[in-house]
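Undergrad: First the structure, then my questions, so here it is.
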Amino acid sequence: MFEALNTQPPDGLLGLIKAFNSDGRARKIDLGVGVYRDAEGRTPVLKAVKEAERILLETQDSKKYLGPEGDIGFSALLQPIIFGNGERFAGRIAALQTPGGTGALRLGAELVRSANAKAAVRVGAPTWPNHVPIFSAAGLKIEAHRFVVLASQAVDFDGVRQGLAKANPGDVVLLHGCCHNPTGVDFSRDQWREIAGALAARNLTPFVDLAYQGLGDGLDEDAWATRLILETVDEALVAYSCDKNFGLYRDRVGSLFVLARDLDETAKVMSNLAALARVAWSMPPDHGAAVVRIILERPALVAMWREELDSMRERINGNRAALAEADPALAFVRNQRGLFSNLFLSKPQAAALRDRHAIYCTDSGRINVAGMQPADAGAIVAALRAEGCIADKAAA
């Protein structure tokens with residue numbers, strides 16, 4: 001049986017982690033793996049999380065299964081944070097806890113496949129490398145359009161318009177709600193308004209990936225586009241991750257929200273989500289979602305979490321400012337948001353940064369801005385200039 005299998009290429013990020021850990025040089029900079037790091041280079045457990053875990057340890061009286069929908073309180077308490085005043089959506093949102101944002105994306109893809117197997121998924125390029133494999137594995141057709149011109153670090157909005165114009169009614173449009181991965185480039189509010197109008201006019205279904213809420217400009221600011229979209233269309237999907245904004249990476253904490261047209265359709269969607277989850281992971285893991293629920297149930301813990309989230313965001317944006325101030329050619333980094341920017345490097349340039357300067361980023365040129373310290377900006381710029389990565393951009 002297994003002799004028919006083909007060996008799959010190794011995951012580039014896993015190789016990057018291994019190479020960085022094996023590098024014996026005293027001064028090395030990890031801009032590769034997409035996790036937040038503090039001023040000591042750690043990815044800490046938030047104080048609010050620690051306190052919630054203490055409460056969970058003291059009060060949890062059973063490890064019995066949750067239902068396929070997971071922790072219902074967890075998903076319910078997230079809704080006002082994501083959607084704001086949800087009265088206008090009363091009875092129209094189906095919600096199900098998932099193993100991380102990736103689980104939410106896959107479950108949503110399976111729901112789309114069940115509802116309309118002919119639907120194409122319109123994806124702006126570049127995007128998170130796992131997006132296309134997730135939707136393809138669910139049996140959906142992918143149609144790509146250009147989203148960003150990396151050479152100019154600007155949205156190609158004509159490319160986006162063309163992609164939407166080619167979409168057929170019933171197609172799905174994948175959108176990054178904020179803090180675009182891998183570029184850090186987000187649509188302007190005027191562009192979001194035009195996109196929302198096009199989705200409604202062409203009867204297209206938005207699928208919003210919201211994985212970094214609170215790490216760009218703030219919780220409400222980062223949800224603005226998602227709220228606009230949902231106020232404009234009749235149906236939508238939102239894949240949500242708590243891995244980053246609660247620092248729960250290894251606990252895989254996410255939820256899928258589906259906006260339906262009415263109560264009957266919501267019930268139908270929920271039954272299908274439960275059935276699809278049942279054959280995928282049966283019941284979701286409890287710990288991380290219970291921690292988030294406990295935080296959101298207690299005003300004191302909410303305040304603690306928001307303060308910590310503010311500090312994380314300020315640090316990330318401070319790192320962006322440090323890079324922008326270190327060299328005019330990197331001025332664009334300041335105005336981007338989230339963990340990532342993409343420096344538009346060639347694969348040999350990325351390899352040279354690793355081999356000659358102990359600066360680790362992906363072969364695509366994506367850097368995790370949260371992985372550096374402000375004091376690293378000078379060394380990063382010097383290495384980029386030494387390898388010819390930004391000289392031409394500065395001259396232009």
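Following the order of the structure tokens, first chain is A, next is B, and so on, with residues numbered from 1 inside each chain and ligands from 1 in the order they appear.
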With a distance cut-off of 7 Å and only C-alpha atoms, select the neighbouring residues of region 209-214 of chain A, excluding the residue or stretch itself and same-chain residues fewer than 4 positions from it, and output the selection as a list of chain:residue names.

TA: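 Non-adjacent residues within range: A:Gly101, A:Leu175, A:His176, A:Gly177, A:Cys178, A:Cys179, A:Gly218, A:Leu219, A:Asp222, A:Ala223, A:Val238, A:Ala239, A:Tyr240, A:Ser241, A:Lys244, A:Asn245, A:Leu309, A:Gly338.
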
Undergrad: Can you write just those residues out, C-alpha atoms, as a short mmCIF file (atom, residue, chain, number, x, y, z; two decimals), in the first residue's frame?

TA:
data_model
loop_
_atom_site.label_atom_id
_atom_site.label_comp_id
_atom_site.auth_asym_id
_atom_site.auth_seq_id
_atom_site.Cartn_x
_atom_site.Cartn_y
_atom_site.Cartn_z
CA GLY A 101 -7.96 29.22 13.02
CA LEU A 175 -10.32 38.11 2.82
CA HIS A 176 -7.80 38.87 5.57
CA GLY A 177 -9.75 40.84 8.17
CA CYS A 178 -6.66 42.72 9.37
CA CYS A 179 -2.87 42.38 9.70
CA GLY A 218 -6.86 47.79 18.45
CA LEU A 219 -9.70 45.32 18.95
CA ASP A 222 -9.07 45.60 13.62
CA ALA A 223 -12.65 44.32 13.44
CA VAL A 238 -15.47 34.15 9.64
CA ALA A 239 -12.56 31.96 10.76
CA TYR A 240 -11.26 33.25 14.09
CA SER A 241 -8.07 32.46 16.00
CA LYS A 244 -2.07 35.10 18.70
CA ASN A 245 -4.08 37.66 20.65
CA LEU A 309 -2.69 42.98 24.30
CA GLY A 338 0.47 42.84 12.39
#

Undergrad: Could you name the residues that touch region 322-328 of chain A at 9 Å or less, counting only C-alpha atoms, but leaving out those on the same chain fewer than 2 positions away, as a JSON list (two decimals) with N, CA and C atoms, in the first residue's frame?

TA:
[["chain", "number", "residue", "atom", "x", "y", "z"],
["A", 317, "ASN", "N", 4.41, 47.54, 16.86],
["A", 317, "ASN", "CA", 4.46, 48.79, 16.09],
["A", 317, "ASN", "C", 5.71, 49.59, 16.39],
["A", 318, "GLY", "N", 6.25, 49.44, 17.61],
["A", 318, "GLY", "CA", 7.53, 50.06, 17.92],
["A", 318, "GLY", "C", 8.67, 49.44, 17.13],
["A", 319, "ASN", "N", 8.64, 48.14, 16.95],
["A", 319, "ASN", "CA", 9.64, 47.47, 16.11],
["A", 319, "ASN", "C", 9.53, 47.95, 14.67],
["A", 320, "ARG", "N", 8.32, 48.13, 14.20],
["A", 320, "ARG", "CA", 8.12, 48.64, 12.84],
["A", 320, "ARG", "C", 8.74, 50.03, 12.71],
["A", 330, "LEU", "N", 13.08, 51.30, 4.07],
["A", 330, "LEU", "CA", 12.13, 50.47, 4.82],
["A", 330, "LEU", "C", 11.00, 51.30, 5.42],
["A", 331, "ALA", "N", 10.80, 52.50, 4.92],
["A", 331, "ALA", "CA", 9.77, 53.38, 5.49],
["A", 331, "ALA", "C", 8.39, 52.74, 5.42],
["A", 332, "PHE", "N", 8.15, 51.90, 4.41],
["A", 332, "PHE", "CA", 6.84, 51.27, 4.24],
["A", 332, "PHE", "C", 6.46, 50.39, 5.42],
["A", 333, "VAL", "N", 7.45, 49.85, 6.13],
["A", 333, "VAL", "CA", 7.19, 48.91, 7.23],
["A", 333, "VAL", "C", 6.39, 49.60, 8.34],
["A", 334, "ARG", "N", 6.62, 50.90, 8.54],
["A", 334, "ARG", "CA", 5.95, 51.62, 9.62],
["A", 334, "ARG", "C", 4.43, 51.59, 9.48],
["A", 369, "VAL", "N", 8.09, 40.77, 12.24],
["A", 369, "VAL", "CA", 8.57, 41.98, 12.89],
["A", 369, "VAL", "C", 8.57, 41.81, 14.41],
["A", 373, "GLN", "N", 14.23, 42.80, 18.13],
["A", 373, "GLN", "CA", 14.30, 43.85, 19.14],
["A", 373, "GLN", "C", 14.59, 45.16, 18.41],
["A", 374, "PRO", "N", 14.14, 46.31, 18.94],
["A", 374, "PRO", "CA", 14.47, 47.59, 18.28],
["A", 374, "PRO", "C", 15.96, 47.77, 18.03],
["A", 375, "ALA", "N", 16.78, 47.25, 18.94],
["A", 375, "ALA", "CA", 18.24, 47.38, 18.79],
["A", 375, "ALA", "C", 18.78, 46.54, 17.63],
["A", 376, "ASP", "N", 17.96, 45.61, 17.11],
["A", 376, "ASP", "CA", 18.39, 44.77, 15.98],
["A", 376, "ASP", "C", 18.27, 45.50, 14.65],
["A", 377, "ALA", "N", 17.58, 46.63, 14.63],
["A", 377, "ALA", "CA", 17.26, 47.28, 13.35],
["A", 377, "ALA", "C", 18.51, 47.60, 12.56],
["A", 378, "GLY", "N", 19.55, 48.11, 13.22],
["A", 378, "GLY", "CA", 20.78, 48.47, 12.52],
["A", 378, "GLY", "C", 21.43, 47.27, 11.87],
["A", 380, "ILE", "N", 19.99, 44.47, 10.98],
["A", 380, "ILE", "CA", 19.13, 43.98, 9.89],
["A", 380, "ILE", "C", 19.34, 44.82, 8.64],
["A", 381, "VAL", "N", 19.35, 46.14, 8.81],
["A", 381, "VAL", "CA", 19.54, 47.02, 7.66],
["A", 381, "VAL", "C", 20.92, 46.81, 7.03],
["A", 394, "ALA", "N", 15.96, 51.92, -2.39],
["A", 394, "ALA", "CA", 16.27, 53.24, -1.85],
["A", 394, "ALA", "C", 16.55, 54.22, -2.96]]

Undergrad: Set the distance at 12 Å and use only C-alpha atoms: which residues neighbour Asp355 (chain A) once local chain neighbours fewer than 2 positions away are removed? I'd like the list as a count of residues only.

TA: 21

Undergrad: What does the distance from CA of Gly70 (chain A) to CA of Pro284 (chain A) come to in Å, to one decimal?

TA: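 Spanning CA of Gly70 (chain A) to CA of Pro284 (chain A) is a straight-line distance of 5.7 Å.
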
Undergrad: Please provide the set of residues having any atom within 12 Å of region 130-140 of chain A, restricted to only C-alpha atoms, with same-chain residues fewer than 4 positions apart removed, written as a PyMOL selection string.

TA: chain A and resi 11-13+101-126+144+171-176+181-182+207-209+239+276+280

Undergrad: Sort by chain and increasing residue number a table of all residues of region 289-311 of chain A within 7 Å of region 71-92 of chain A, each with its closest pair of atoms and their distance in Å to one decimal, counting only C-alpha atoms, and write it as CSV.

TA:
residue,atom,partner,partner_atom,distance
A:Ala289,CA,A:Phe74,CA,6.0
A:Ala290,CA,A:Phe74,CA,6.8
A:Val292,CA,A:Phe74,CA,6.6
A:Arg293,CA,A:Phe74,CA,4.6
A:Leu296,CA,A:Leu77,CA,6.4

Undergrad: Those same residues, written as a CSV table (one decimal), in the first residue's frame with C-alpha atoms?

TA:
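The file below, result-v1.csv, is the result:
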chain,number,residue,atom,x,y,z
A,289,ALA,CA,-11.2,27.7,24.9
A,290,ALA,CA,-12.1,27.3,28.6
A,292,VAL,CA,-10.6,32.3,27.0
A,293,ARG,CA,-14.1,31.9,28.3
A,296,LEU,CA,-14.1,36.9,29.0

Undergrad: Can you list, as a list of chain:residue names, all residues belonging to region 238-359 of chain A that DSSP tags as strand (DSSP E)?

TA: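 Listing strand (DSSP E) positions across region 238-359 of chain A yields A:Val238, A:Ala239, A:Tyr240, A:Ser241, A:Val253, A:Gly254, A:Ser255, A:Leu256, A:Phe257, A:Val258, A:Leu259, A:Phe340, A:Ser341, A:Asn342, A:Ile359.
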
Undergrad: Now that the selection is made, can you save its residues with C-alpha atoms as a PDB file, in the first residue's frame?

TA:
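Done, and the output landed in out09.pdb:
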ATOM      1  CA  VAL A 238     -15.467  34.149   9.636  1.00  0.00           C
ATOM      2  CA  ALA A 239     -12.560  31.962  10.755  1.00  0.00           C
ATOM      3  CA  TYR A 240     -11.265  33.255  14.092  1.00  0.00           C
ATOM      4  CA  SER A 241      -8.074  32.459  15.997  1.00  0.00           C
ATOM      5  CA  VAL A 253      -7.989  27.862  20.004  1.00  0.00           C
ATOM      6  CA  GLY A 254     -10.346  28.995  17.268  1.00  0.00           C
ATOM      7  CA  SER A 255     -13.955  29.273  16.193  1.00  0.00           C
ATOM      8  CA  LEU A 256     -15.920  29.342  12.956  1.00  0.00           C
ATOM      9  CA  PHE A 257     -18.792  31.812  12.686  1.00  0.00           C
ATOM     10  CA  VAL A 258     -21.291  31.614   9.836  1.00  0.00           C
ATOM     11  CA  LEU A 259     -23.758  34.411   9.117  1.00  0.00           C
ATOM     12  CA  PHE A 340       4.545  40.375   9.219  1.00  0.00           C
ATOM     13  CA  SER A 341       6.068  42.333   6.390  1.00  0.00           C
ATOM     14  CA  ASN A 342       7.472  40.956   3.152  1.00  0.00           C
ATOM     15  CA  ILE A 359      19.309  36.631  10.199  1.00  0.00           C
TER      16      ILE A 359
END

Undergrad: Find the residues around Lys347 (chain A) up to 8 Å (only C-alpha atoms counted), leave out those fewer than 5 positions away in its own chain, and share them as number ranges by chain.

TA: A: 363-365

Undergrad: Would you save the residues of that selection, restricted to N, CA and C atoms, as a PDB file, in the first residue's frame?

TA:
ATOM      1  N   ASP A 363      12.086  32.031   2.770  1.00  0.00           N
ATOM      2  CA  ASP A 363      12.640  32.212   1.429  1.00  0.00           C
ATOM      3  C   ASP A 363      11.854  33.224   0.606  1.00  0.00           C
ATOM      4  N   SER A 364      10.602  33.469   0.987  1.00  0.00           N
ATOM      5  CA  SER A 364       9.782  34.435   0.262  1.00  0.00           C
ATOM      6  C   SER A 364      10.110  35.873   0.640  1.00  0.00           C
ATOM      7  N   GLY A 365      10.876  36.059   1.712  1.00  0.00           N
ATOM      8  CA  GLY A 365      11.184  37.402   2.193  1.00  0.00           C
ATOM      9  C   GLY A 365      10.264  37.881   3.291  1.00  0.00           C
TER      10      GLY A 365
END

Undergrad: Give me the residues of region 269-374 of chain A that have any atom at most 7 Å from an atom of region 36-60 of chain A; for each, the nearest atom pair and the distance in Å, rounded to one decimal. Use only C-alpha atoms, sort by chain and number, and format it as a tab-separated table.

TA:
residue	atom	partner	partner_atom	distance
A:Val291	CA	A:Ala52	CA	5.4
A:Ile294	CA	A:Ala52	CA	5.8
A:Ile295	CA	A:Ala52	CA	6.0
A:Leu301	CA	A:Ala48	CA	5.7
A:Met304	CA	A:Ala48	CA	5.8
A:Trp305	CA	A:Ala48	CA	5.4
A:Ala370	CA	A:Tyr36	CA	5.2
A:Gly371	CA	A:Arg37	CA	5.5
A:Gln373	CA	A:Ala39	CA	6.6

Undergrad: Suppose we keep C-alpha atoms; can you now write the selection as a short mmCIF file (atom, residue, chain, number, x, y, z; two decimals), in the first residue's frame?

TA:
data_model
loop_
_atom_site.label_atom_id
_atom_site.label_comp_id
_atom_site.auth_asym_id
_atom_site.auth_seq_id
_atom_site.Cartn_x
_atom_site.Cartn_y
_atom_site.Cartn_z
CA VAL A 291 -9.27 29.67 29.45
CA ILE A 294 -12.99 32.35 31.90
CA ILE A 295 -11.13 35.53 30.93
CA LEU A 301 -9.39 39.49 33.63
CA MET A 304 -5.78 42.53 32.33
CA TRP A 305 -5.90 40.84 28.92
CA ALA A 370 7.58 40.78 16.37
CA GLY A 371 10.63 38.50 16.44
CA GLN A 373 14.30 43.85 19.14
#

Undergrad: Write out as a list in words the residues lying within 8 Å of Gln153 (chain A), counting only C-alpha atoms and excluding same-chain residues fewer than 4 positions away.

TA: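 Answer for this query is Val148, Val149, Val185 and Phe332 of chain A.
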
Undergrad: Enumerate as an MDAnalysis selection string all residues of region 18-230 of chain A assigned to alpha helix (DSSP H) by DSSP on the backbone, naming them with the chain letters and numbers the document uses.

TA: chainID A and resid 18:22 47:59 72:83 100:115 131:137 157:166 189:201 219:230

Undergrad: Could you save those same residues with C-alpha atoms as a compact mmCIF listing (two decimals), in the first residue's frame?

TA:
# COMPACT_ATOMS: atom_id res chain seq x y z
CA LYS A 18 15.73 23.67 13.09
CA ALA A 19 18.40 25.72 11.34
CA PHE A 20 18.02 28.64 13.76
CA ASN A 21 18.20 26.39 16.82
CA SER A 22 21.32 24.71 15.44
CA LYS A 47 -0.82 36.90 33.05
CA ALA A 48 -4.53 36.84 32.31
CA VAL A 49 -4.12 33.33 30.89
CA LYS A 50 -2.17 32.18 33.95
CA GLU A 51 -4.90 33.46 36.26
CA ALA A 52 -7.63 31.85 34.15
CA GLU A 53 -5.75 28.56 34.19
CA ARG A 54 -5.52 28.76 37.99
CA ILE A 55 -9.29 29.24 38.17
CA LEU A 56 -9.85 26.39 35.71
CA LEU A 57 -7.61 24.06 37.73
CA GLU A 58 -9.50 24.84 40.92
CA THR A 59 -13.02 24.67 39.51
CA ILE A 72 -20.62 27.26 23.69
CA GLY A 73 -19.82 30.03 26.16
CA PHE A 74 -16.44 30.57 24.53
CA SER A 75 -17.92 31.22 21.10
CA ALA A 76 -20.76 33.33 22.52
CA LEU A 77 -18.41 35.60 24.49
CA LEU A 78 -16.19 36.15 21.45
CA GLN A 79 -19.06 37.41 19.32
CA PRO A 80 -19.34 40.96 20.74
CA ILE A 81 -15.56 41.34 20.50
CA ILE A 82 -15.62 40.37 16.83
CA PHE A 83 -18.99 41.68 15.68
CA GLY A 100 -7.24 26.91 15.91
CA GLY A 101 -7.96 29.22 13.02
CA THR A 102 -6.71 26.51 10.67
CA GLY A 103 -9.47 24.19 11.86
CA ALA A 104 -12.00 26.97 11.31
CA LEU A 105 -10.78 27.50 7.76
CA ARG A 106 -10.94 23.80 6.94
CA LEU A 107 -14.37 23.38 8.49
CA GLY A 108 -15.63 26.41 6.58
CA ALA A 109 -14.16 25.02 3.37
CA GLU A 110 -15.97 21.72 3.96
CA LEU A 111 -19.23 23.61 4.58
CA VAL A 112 -18.83 25.53 1.32
CA ARG A 113 -18.15 22.28 -0.51
CA SER A 114 -21.28 20.72 0.98
CA ALA A 115 -23.41 23.75 0.11
CA HIS A 131 -4.75 28.93 2.53
CA VAL A 132 -4.69 27.36 -0.93
CA PRO A 133 -3.86 23.82 0.32
CA ILE A 134 -6.70 23.98 2.86
CA PHE A 135 -9.35 24.91 0.30
CA SER A 136 -7.90 22.59 -2.33
CA ALA A 137 -7.92 19.66 0.10
CA PHE A 157 -6.61 47.33 -6.30
CA ASP A 158 -7.17 47.07 -10.04
CA GLY A 159 -6.14 43.42 -9.70
CA VAL A 160 -8.60 42.98 -6.85
CA ARG A 161 -11.38 44.61 -8.88
CA GLN A 162 -10.63 42.33 -11.81
CA GLY A 163 -10.70 39.28 -9.57
CA LEU A 164 -14.09 40.23 -8.15
CA ALA A 165 -15.43 41.05 -11.63
CA LYS A 166 -14.54 37.54 -12.84
CA ARG A 189 -11.38 51.88 4.47
CA ASP A 190 -12.51 53.23 1.11
CA GLN A 191 -11.24 50.07 -0.56
CA TRP A 192 -13.04 47.92 1.99
CA ARG A 193 -16.27 49.82 1.28
CA GLU A 194 -15.92 49.15 -2.44
CA ILE A 195 -15.19 45.47 -1.80
CA ALA A 196 -18.25 45.16 0.45
CA GLY A 197 -20.43 46.74 -2.21
CA ALA A 198 -19.07 44.43 -4.90
CA LEU A 199 -19.67 41.34 -2.75
CA ALA A 200 -23.31 42.31 -2.22
CA ALA A 201 -23.93 43.37 -5.82
CA LEU A 219 -9.70 45.32 18.95
CA ASP A 220 -12.45 47.49 17.49
CA GLU A 221 -10.25 49.02 14.80
CA ASP A 222 -9.07 45.60 13.62
CA ALA A 223 -12.65 44.32 13.44
CA TRP A 224 -13.92 47.31 11.46
CA ALA A 225 -13.65 45.66 8.05
CA THR A 226 -15.24 42.40 9.21
CA ARG A 227 -18.17 44.30 10.73
CA LEU A 228 -18.60 46.33 7.54
CA ILE A 229 -18.68 43.19 5.41
CA LEU A 230 -21.24 41.47 7.62

Undergrad: I'd like to know which of A:Leu273, A:Arg356, A:Ala95, A:Cys389 is closest to Ala151 (chain A), using only C-alpha atoms.

TA: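 Of all the options, A:Cys389 lies closest to Ala151 (chain A).
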
Undergrad: Would you mind telling me which residue in A:Pro99, A:Arg313, A:Pro10, A:Thr127 lies nearest to His145 (chain A) when using only C-alpha atoms?

TA: A:Thr127

Undergrad: Give me the residues within 7 Å of Gly170 (chain A) as a PDB file with N, CA and C atoms, in the first residue's frame, counting only C-alpha atoms and dropping any in the same chain fewer than 4 places off.

TA:
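What ended up in around_30.pdb:
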ATOM      1  N   ALA A 119     -18.650  26.113  -6.318  1.00  0.00           N
ATOM      2  CA  ALA A 119     -18.134  27.431  -5.950  1.00  0.00           C
ATOM      3  C   ALA A 119     -16.612  27.467  -6.068  1.00  0.00           C
ATOM      4  N   ASN A 203     -23.445  38.979  -5.449  1.00  0.00           N
ATOM      5  CA  ASN A 203     -23.886  37.791  -4.724  1.00  0.00           C
ATOM      6  C   ASN A 203     -22.719  36.836  -4.465  1.00  0.00           C
ATOM      7  N   LEU A 204     -21.639  37.405  -3.947  1.00  0.00           N
ATOM      8  CA  LEU A 204     -20.458  36.625  -3.587  1.00  0.00           C
ATOM      9  C   LEU A 204     -20.423  36.439  -2.073  1.00  0.00           C
ATOM     10  N   THR A 205     -19.854  35.333  -1.637  1.00  0.00           N
ATOM     11  CA  THR A 205     -19.814  35.014  -0.203  1.00  0.00           C
ATOM     12  C   THR A 205     -18.431  35.301   0.370  1.00  0.00           C
TER      13      THR A 205
END
